>>> print(open('input24.csv').read())   # CSV, C-alpha atoms
chain,number,residue,atom,x,y,z
O,694,MET,CA,-15.3,30.4,-3.8
O,695,ARG,CA,-16.7,29.2,-0.5
O,696,LEU,CA,-16.0,25.7,0.7
O,697,TYR,CA,-18.2,24.4,3.6
O,698,SER,CA,-16.4,21.7,5.6
O,699,GLY,CA,-16.2,20.5,9.2
O,700,PRO,CA,-13.4,20.0,11.7
O,701,LEU,CA,-13.7,16.2,11.5
O,702,SER,CA,-14.9,15.9,7.9
O,703,MET,CA,-12.6,13.5,5.9
O,704,PHE,CA,-14.3,14.5,2.6
O,705,GLY,CA,-14.1,18.2,3.4
O,706,ALA,CA,-10.4,17.9,4.3
O,707,LYS,CA,-9.9,16.2,0.8
O,708,ALA,CA,-11.4,19.2,-0.9
O,709,GLU,CA,-9.5,21.7,1.3
O,710,ILE,CA,-6.1,20.0,0.5
O,711,ALA,CA,-6.9,20.0,-3.2
O,712,ALA,CA,-7.7,23.8,-3.1
O,713,LEU,CA,-4.4,24.5,-1.4
O,714,GLU,CA,-2.4,22.3,-3.8
O,715,LYS,CA,-4.0,24.1,-6.7
O,716,GLY,CA,-3.5,27.5,-5.2
O,717,LEU,CA,-7.2,28.4,-5.7
O,718,PRO,CA,-8.8,31.3,-3.8
O,719,VAL,CA,-11.1,29.3,-1.7
O,720,ARG,CA,-12.5,30.5,1.7
O,721,VAL,CA,-13.1,27.6,4.0
O,722,PHE,CA,-16.1,27.8,6.4
O,723,MET,CA,-16.2,25.2,9.2
O,724,VAL,CA,-19.9,24.5,9.9
O,725,PRO,CA,-20.9,24.2,13.6
O,726,TYR,CA,-19.9,20.9,15.1
O,727,ASP,CA,-20.4,19.5,18.6
O,728,PRO,CA,-18.4,16.4,19.7
O,729,ASN,CA,-21.5,14.9,21.4
O,730,THR,CA,-24.3,15.9,18.9
O,731,GLY,CA,-22.3,16.1,15.7
O,732,TYR,CA,-23.4,18.5,12.9
O,733,GLU,CA,-26.8,19.4,14.3
O,734,PRO,CA,-28.4,21.7,13.5
O,735,LYS,CA,-27.2,21.5,9.9
O,736,HIS,CA,-25.9,24.6,8.2
O,737,PRO,CA,-28.6,26.1,5.9
O,738,ASP,CA,-26.3,26.3,2.8
O,739,VAL,CA,-25.4,22.6,3.3
O,740,LEU,CA,-29.1,21.7,3.6
O,741,ARG,CA,-30.0,23.7,0.5
O,742,VAL,CA,-27.2,22.4,-1.8
O,743,ASN,CA,-26.7,18.8,-0.7
O,744,PRO,CA,-29.7,16.4,-0.4
O,745,LYS,CA,-27.4,14.1,1.6
O,746,ARG,CA,-27.1,17.0,4.2
O,747,GLN,CA,-23.4,16.6,4.4
O,748,VAL,CA,-20.2,18.6,3.8
O,749,PRO,CA,-18.3,19.4,1.7
O,750,VAL,CA,-20.3,21.9,-0.3
O,751,LEU,CA,-18.6,24.3,-2.8
O,752,ILE,CA,-20.3,27.6,-3.9
O,753,ASP,CA,-18.7,29.6,-6.7
O,754,GLU,CA,-20.6,32.5,-8.4
O,755,GLY,CA,-23.9,30.7,-8.7
O,756,LEU,CA,-22.5,27.2,-9.0
O,757,GLU,CA,-23.4,25.0,-6.0
O,758,ILE,CA,-21.9,21.5,-5.9
O,759,PHE,CA,-21.2,18.8,-3.3
O,760,ASP,CA,-19.1,15.6,-3.1
O,761,SER,CA,-15.4,15.7,-2.8
O,762,THR,CA,-14.7,14.0,-6.1
O,763,GLN,CA,-17.0,16.3,-8.0
O,764,ILE,CA,-15.2,19.2,-6.4
O,765,PHE,CA,-11.9,17.7,-7.5
O,766,GLU,CA,-13.2,17.6,-11.1
O,767,TYR,CA,-14.3,21.2,-11.0
O,768,PHE,CA,-10.9,22.3,-9.6
O,769,GLU,CA,-9.1,20.5,-12.4
O,770,HIS,CA,-11.2,22.2,-15.1
O,771,LEU,CA,-10.9,25.6,-13.3
O,772,LYS,CA,-7.2,25.5,-13.0
O,773,PRO,CA,-5.5,22.7,-15.0
O,774,ASP,CA,-2.0,23.6,-13.7
O,775,PRO,CA,-0.7,22.1,-11.6
O,776,ALA,CA,-2.4,19.0,-12.9
O,777,LEU,CA,-3.7,16.7,-10.2
O,778,TRP,CA,-5.0,14.0,-12.5
O,779,PRO,CA,-2.5,12.2,-14.7
O,780,ALA,CA,-2.4,13.2,-18.4
O,781,SER,CA,-2.7,9.8,-20.1
O,782,PRO,CA,-6.2,8.3,-20.3
O,783,LYS,CA,-5.1,5.0,-18.7
O,784,ALA,CA,-3.2,6.6,-15.9
O,785,ARG,CA,-6.1,9.0,-15.2
O,786,ALA,CA,-8.5,6.2,-15.1
O,787,GLU,CA,-6.3,4.3,-12.7
O,788,ALA,CA,-6.0,7.4,-10.4
O,789,ARG,CA,-9.7,7.9,-10.4
O,790,LEU,CA,-10.3,4.3,-9.6
O,791,ILE,CA,-7.9,4.5,-6.6
O,792,GLU,CA,-9.6,7.6,-5.3
O,793,HIS,CA,-13.0,5.9,-5.8
O,794,LYS,CA,-11.9,2.8,-3.9
O,795,ALA,CA,-10.6,4.9,-1.0
O,796,ASP,CA,-14.1,6.5,-0.7
O,797,GLU,CA,-16.4,3.7,-1.6
O,798,VAL,CA,-14.6,0.4,-0.8
O,799,TYR,CA,-12.2,1.2,2.0
O,800,PHE,CA,-13.9,4.0,4.0
O,801,PRO,CA,-17.1,2.1,4.7
O,802,HIS,CA,-15.1,-0.4,6.7
O,803,ILE,CA,-13.7,2.5,8.7
O,804,VAL,CA,-17.3,3.8,9.3
O,805,ARG,CA,-18.1,0.4,10.7
O,806,LEU,CA,-15.3,0.8,13.2
O,807,MET,CA,-16.7,4.0,14.5
O,808,GLY,CA,-18.1,3.4,17.9
O,809,LEU,CA,-16.3,0.0,18.2
O,810,GLU,CA,-13.0,1.5,19.5
O,811,GLU,CA,-13.7,0.2,23.0
O,812,THR,CA,-14.7,-3.3,21.8
O,813,PRO,CA,-11.9,-4.3,19.4
O,814,ASP,CA,-12.7,-8.0,19.6
O,815,ASP,CA,-16.3,-7.5,18.4
O,816,PRO,CA,-16.6,-9.6,15.2
O,817,ALA,CA,-17.7,-6.6,13.3
O,818,ALA,CA,-14.6,-4.7,14.3
O,819,VAL,CA,-12.3,-7.7,13.5
O,820,ALA,CA,-13.9,-8.1,10.0
O,821,ALA,CA,-13.6,-4.4,9.3
O,822,ARG,CA,-9.9,-4.2,10.3
O,823,ALA,CA,-9.2,-7.3,8.1
O,824,ALA,CA,-10.9,-5.7,5.1
O,825,ALA,CA,-8.9,-2.5,5.7
O,826,ALA,CA,-5.7,-4.4,6.0
O,827,ARG,CA,-6.4,-6.0,2.5
O,828,PHE,CA,-6.7,-2.5,1.1
O,829,HIS,CA,-3.5,-1.5,2.8
O,830,LEU,CA,-1.7,-4.4,1.0
O,831,GLU,CA,-3.3,-3.4,-2.3
O,832,VAL,CA,-1.9,0.1,-1.9
O,833,GLU,CA,1.5,-1.3,-0.9
O,834,GLY,CA,1.5,-3.1,-4.2
O,835,LEU,CA,0.7,0.1,-6.1
O,836,LEU,CA,3.6,1.8,-4.6
O,837,ALA,CA,6.2,-0.6,-5.9
O,838,GLY,CA,8.6,1.6,-7.9
O,839,ARG,CA,6.4,4.6,-7.5
O,840,GLU,CA,6.7,7.7,-5.3
O,841,TYR,CA,2.9,8.3,-5.5
O,842,LEU,CA,-0.1,6.1,-6.1
O,843,ALA,CA,-0.6,6.9,-9.8
O,844,GLY,CA,2.9,7.9,-10.6
O,845,ALA,CA,2.8,11.7,-10.1
O,846,PHE,CA,1.1,13.2,-7.1
O,847,SER,CA,-2.7,13.3,-7.7
O,848,TYR,CA,-6.1,13.4,-6.1
O,849,ALA,CA,-5.8,9.7,-5.6
O,850,ASP,CA,-3.1,10.4,-3.0
O,851,ILE,CA,-5.2,13.0,-1.2
O,852,GLY,CA,-8.1,10.5,-1.1
O,853,VAL,CA,-6.2,7.6,0.2
O,854,TYR,CA,-4.2,9.7,2.7
O,855,MET,CA,-7.3,11.1,4.4
O,856,ALA,CA,-9.1,7.7,4.3
O,857,THR,CA,-6.3,5.9,6.0
O,858,LEU,CA,-5.8,8.7,8.5
O,859,PHE,CA,-9.3,8.0,9.7
O,860,GLY,CA,-8.6,4.3,9.5
O,861,GLU,CA,-5.6,4.7,11.8
O,862,ARG,CA,-7.7,6.7,14.3
O,863,LYS,CA,-10.3,4.0,14.4
O,864,GLY,CA,-8.0,1.0,14.8
O,865,ALA,CA,-7.2,0.0,11.2
O,866,VAL,CA,-3.5,0.6,11.8
O,867,VAL,CA,-1.0,0.7,8.8
O,868,GLY,CA,1.3,-2.0,9.9
O,869,SER,CA,4.9,-3.0,9.4
O,870,ASP,CA,3.9,-5.4,6.6
O,871,THR,CA,3.3,-2.3,4.4
O,872,PRO,CA,6.6,-0.3,4.6
O,873,ARG,CA,6.0,1.5,1.3
O,874,LEU,CA,2.6,2.6,2.4
O,875,ARG,CA,4.1,4.0,5.6
O,876,ALA,CA,6.9,5.8,3.8
O,877,TRP,CA,4.4,7.2,1.3
O,878,ARG,CA,2.3,8.5,4.3
O,879,ASP,CA,5.4,10.2,5.7
O,880,ARG,CA,6.0,11.9,2.3
O,881,MET,CA,2.4,13.0,2.1
O,882,SER,CA,2.5,14.4,5.7
O,883,GLU,CA,5.4,16.7,4.6
O,884,ARG,CA,3.5,18.3,1.8
O,885,PRO,CA,2.5,21.8,3.1
O,886,ALA,CA,-1.1,21.6,2.0
O,887,VAL,CA,-1.6,18.2,3.7
O,888,ARG,CA,0.3,19.3,6.8
O,889,GLN,CA,-1.9,22.4,7.1
O,890,VAL,CA,-5.2,20.6,6.9
O,891,ALA,CA,-4.4,17.3,8.6
O,892,GLY,CA,-2.5,19.3,11.3
O,893,ALA,CA,-5.5,21.4,12.0
O,894,MET,CA,-7.6,18.3,12.4
O,895,ALA,CA,-5.1,16.8,14.8
O,896,ALA,CA,-5.1,20.0,16.8
O,897,TYR,CA,-8.8,20.0,17.0
O,898,LEU,CA,-8.9,16.4,18.2
O,899,VAL,CA,-6.4,17.2,20.9
O,900,SER,CA,-8.5,20.3,21.9
O,901,ILE,CA,-11.6,18.2,22.6
O,902,GLY,CA,-9.6,15.5,24.5
O,903,ARG,CA,-9.5,12.9,21.8
O,904,SER,CA,-6.5,10.7,21.3
O,905,ILE,CA,-4.6,10.7,18.0
O,906,PRO,CA,-2.2,8.2,16.5
O,907,PRO,CA,1.6,8.9,16.6
O,908,PHE,CA,1.8,9.9,12.9
O,909,MET,CA,-0.9,12.6,13.5
O,910,ALA,CA,0.9,13.8,16.6
O,911,GLU,CA,3.9,14.5,14.5
O,912,LEU,CA,1.8,16.9,12.4
O,913,LEU,CA,1.6,19.1,15.5
O,914,GLN,CA,5.4,19.4,16.0
O,915,PRO,CA,6.1,22.5,13.9
O,916,ALA,CA,3.2,24.3,15.6
O,917,LEU,CA,4.4,23.3,19.1
O,918,ALA,CA,8.0,24.3,18.2
O,919,SER,CA,6.9,27.8,17.1
>>> encode(input="input24.csv", output="structure tokens")
Amino acid sequence: MRLYSGPLSMFGAKAEIAALEKGLPVRVFMVPYDPNTGYEPKHPDVLRVNPKRQVPVLIDEGLEIFDSTQIFEYFEHLKPDPALWPASPKARAEARLIEHKADEVYFPHIVRLMGLEETPDDPAAVAARAAAARFHLEVEGLLAGREYLAGAFSYADIGVYMATLFGERKGAVVGSDTPRLRAWRDRMSERPAVRQVAGAMAAYLVSIGRSIPPFMAELLQPALAS
């Protein structure tokens, strides 16, 4: 299987973490990216498969799909064990809803923050951070009595982790009013698959002179120690 991603693709990172957690034989190809011009010119396979012209794209023996959630579903059917969706219908529906909210409810607020890092008092930035903080509190509530968002570790955790990672980078800081969320993020960062992918993203950001939040800097510590 070939997974096309990008060094700063939140959705590509989700798919890459899932492949590692599943132990699937996936080769990851990072499409060309320039810090100033972005993903131009677009990779031809990405253009052919995804009408939205975005990564991630997965190609597997004639199957060509895009969208991180669709890739999650394919991985789950392809290799049911270890399961990354809960077994019961209600728990599975809850996990899918959490992952969907991370992508479609929370992340648009983070997109609004992009380009506003230097003007944090801009009304648009203030509103986006407030909306992100409401989501953080919602996730804090979900973690009451739970180690992971839907009980056992699932795709929902991957989705929320990567979304809030980008949120933290863009000013939507996970604050002291959400201690369970912060502890969950620390547990997630210790998972080998998460550490490998998020750590590579942190290293890339440092390599191009971008600042990273403290919790991302901690992902680099094992590499620096070695």
>>> closest_residue(input="input24.csv", among="O:Pro775, O:Gly892, O:Gly868, O:Pro885", to="Arg827 of chain O", atoms="all atoms listed in the file")
O:Gly868
>>> residues_around(input="input24.csv", residues="Pro744 of chain O", least_positions_apart="4", cutoff="12 Å", atoms="only C-alpha atoms", output="CSV table (one decimal) with C-alpha atoms, keeping the file's coordinate frame")
chain,number,residue,atom,x,y,z
O,735,LYS,CA,-27.2,21.5,9.9
O,737,PRO,CA,-28.6,26.1,5.9
O,738,ASP,CA,-26.3,26.3,2.8
O,739,VAL,CA,-25.4,22.6,3.3
O,740,LEU,CA,-29.1,21.7,3.6
O,748,VAL,CA,-20.2,18.6,3.8
O,749,PRO,CA,-18.3,19.4,1.7
O,750,VAL,CA,-20.3,21.9,-0.3
O,758,ILE,CA,-21.9,21.5,-5.9
O,759,PHE,CA,-21.2,18.8,-3.3
O,760,ASP,CA,-19.1,15.6,-3.1
>>> closest_residue(input="input24.csv", among="O:Gly699, O:Lys715, O:Asp850, O:Ile901", to="Glu733 of chain O", atoms="only C-alpha atoms")
O:Gly699
>>> closest_residue(input="input24.csv", among="O:Ile791, O:Ala824, O:Ile851, O:Val899", to="Ala886 of chain O", atoms="only C-alpha atoms")
O:Ile851
>>> closest_residue(input="input24.csv", among="O:Met881, O:Leu701, O:Val866, O:Leu809", to="Tyr841 of chain O", atoms="only C-alpha atoms")
O:Met881
>>> closest_residue(input="input24.csv", among="O:Glu883, O:Asp815, O:Asp796, O:Glu810", to="Thr857 of chain O", atoms="only C-alpha atoms")
O:Asp796
>>> residues_around(input="input24.csv", residues="Leu771 of chain O", least_positions_apart="4", cutoff="10 Å", atoms="all atoms listed in the file", output="PDB file with C-alpha atoms, keeping the file's coordinate frame")
ATOM      1  CA  LYS O 715      -4.000  24.100  -6.700  1.00  0.00           C
ATOM      2  CA  LEU O 717      -7.200  28.400  -5.700  1.00  0.00           C
ATOM      3  CA  PHE O 765     -11.900  17.700  -7.500  1.00  0.00           C
ATOM      4  CA  GLU O 766     -13.200  17.600 -11.100  1.00  0.00           C
ATOM      5  CA  TYR O 767     -14.300  21.200 -11.000  1.00  0.00           C
TER       6      TYR O 767
END
>>> residues_near_point(input="input24.csv", point="(1.5, -4.1, 2.5)", cutoff="10 Å", atoms="all atoms listed in the file", output="short mmCIF file (atom, residue, chain, number, x, y, z; two decimals) with C-alpha atoms, in the frame of the given file")
data_model
loop_
_atom_site.label_atom_id
_atom_site.label_comp_id
_atom_site.auth_asym_id
_atom_site.auth_seq_id
_atom_site.Cartn_x
_atom_site.Cartn_y
_atom_site.Cartn_z
CA ALA O 826 -5.70 -4.40 6.00
CA ARG O 827 -6.40 -6.00 2.50
CA PHE O 828 -6.70 -2.50 1.10
CA HIS O 829 -3.50 -1.50 2.80
CA LEU O 830 -1.70 -4.40 1.00
CA GLU O 831 -3.30 -3.40 -2.30
CA VAL O 832 -1.90 0.10 -1.90
CA GLU O 833 1.50 -1.30 -0.90
CA GLY O 834 1.50 -3.10 -4.20
CA LEU O 835 0.70 0.10 -6.10
CA LEU O 836 3.60 1.80 -4.60
CA VAL O 867 -1.00 0.70 8.80
CA GLY O 868 1.30 -2.00 9.90
CA SER O 869 4.90 -3.00 9.40
CA ASP O 870 3.90 -5.40 6.60
CA THR O 871 3.30 -2.30 4.40
CA PRO O 872 6.60 -0.30 4.60
CA ARG O 873 6.00 1.50 1.30
CA LEU O 874 2.60 2.60 2.40
CA ARG O 875 4.10 4.00 5.60
#
>>> closest_residue(input="input24.csv", among="O:Ala711, O:Val724, O:Met894, O:Leu912", to="Tyr697 of chain O", atoms="only C-alpha atoms")
O:Val724
>>> atom_distance(input="input24.csv", atom1="atom CA of Arg746 of chain O", atom2="atom CA of Pro734 of chain O")
10.5 Å
>>> atom_distance(input="input24.csv", atom1="atom CA of Glu769 of chain O", atom2="atom CA of Val721 of chain O")
18.3 Å
>>> residues_around(input="input24.csv", residues="Glu757 of chain O", least_positions_apart="4", cutoff="9 Å", atoms="only C-alpha atoms", output="ChimeraX atom specification")
/O:742-743,750-753
>>> atom_distance(input="input24.csv", atom1="atom CA of Gly705 of chain O", atom2="atom CA of Phe768 of chain O")
14.0 Å
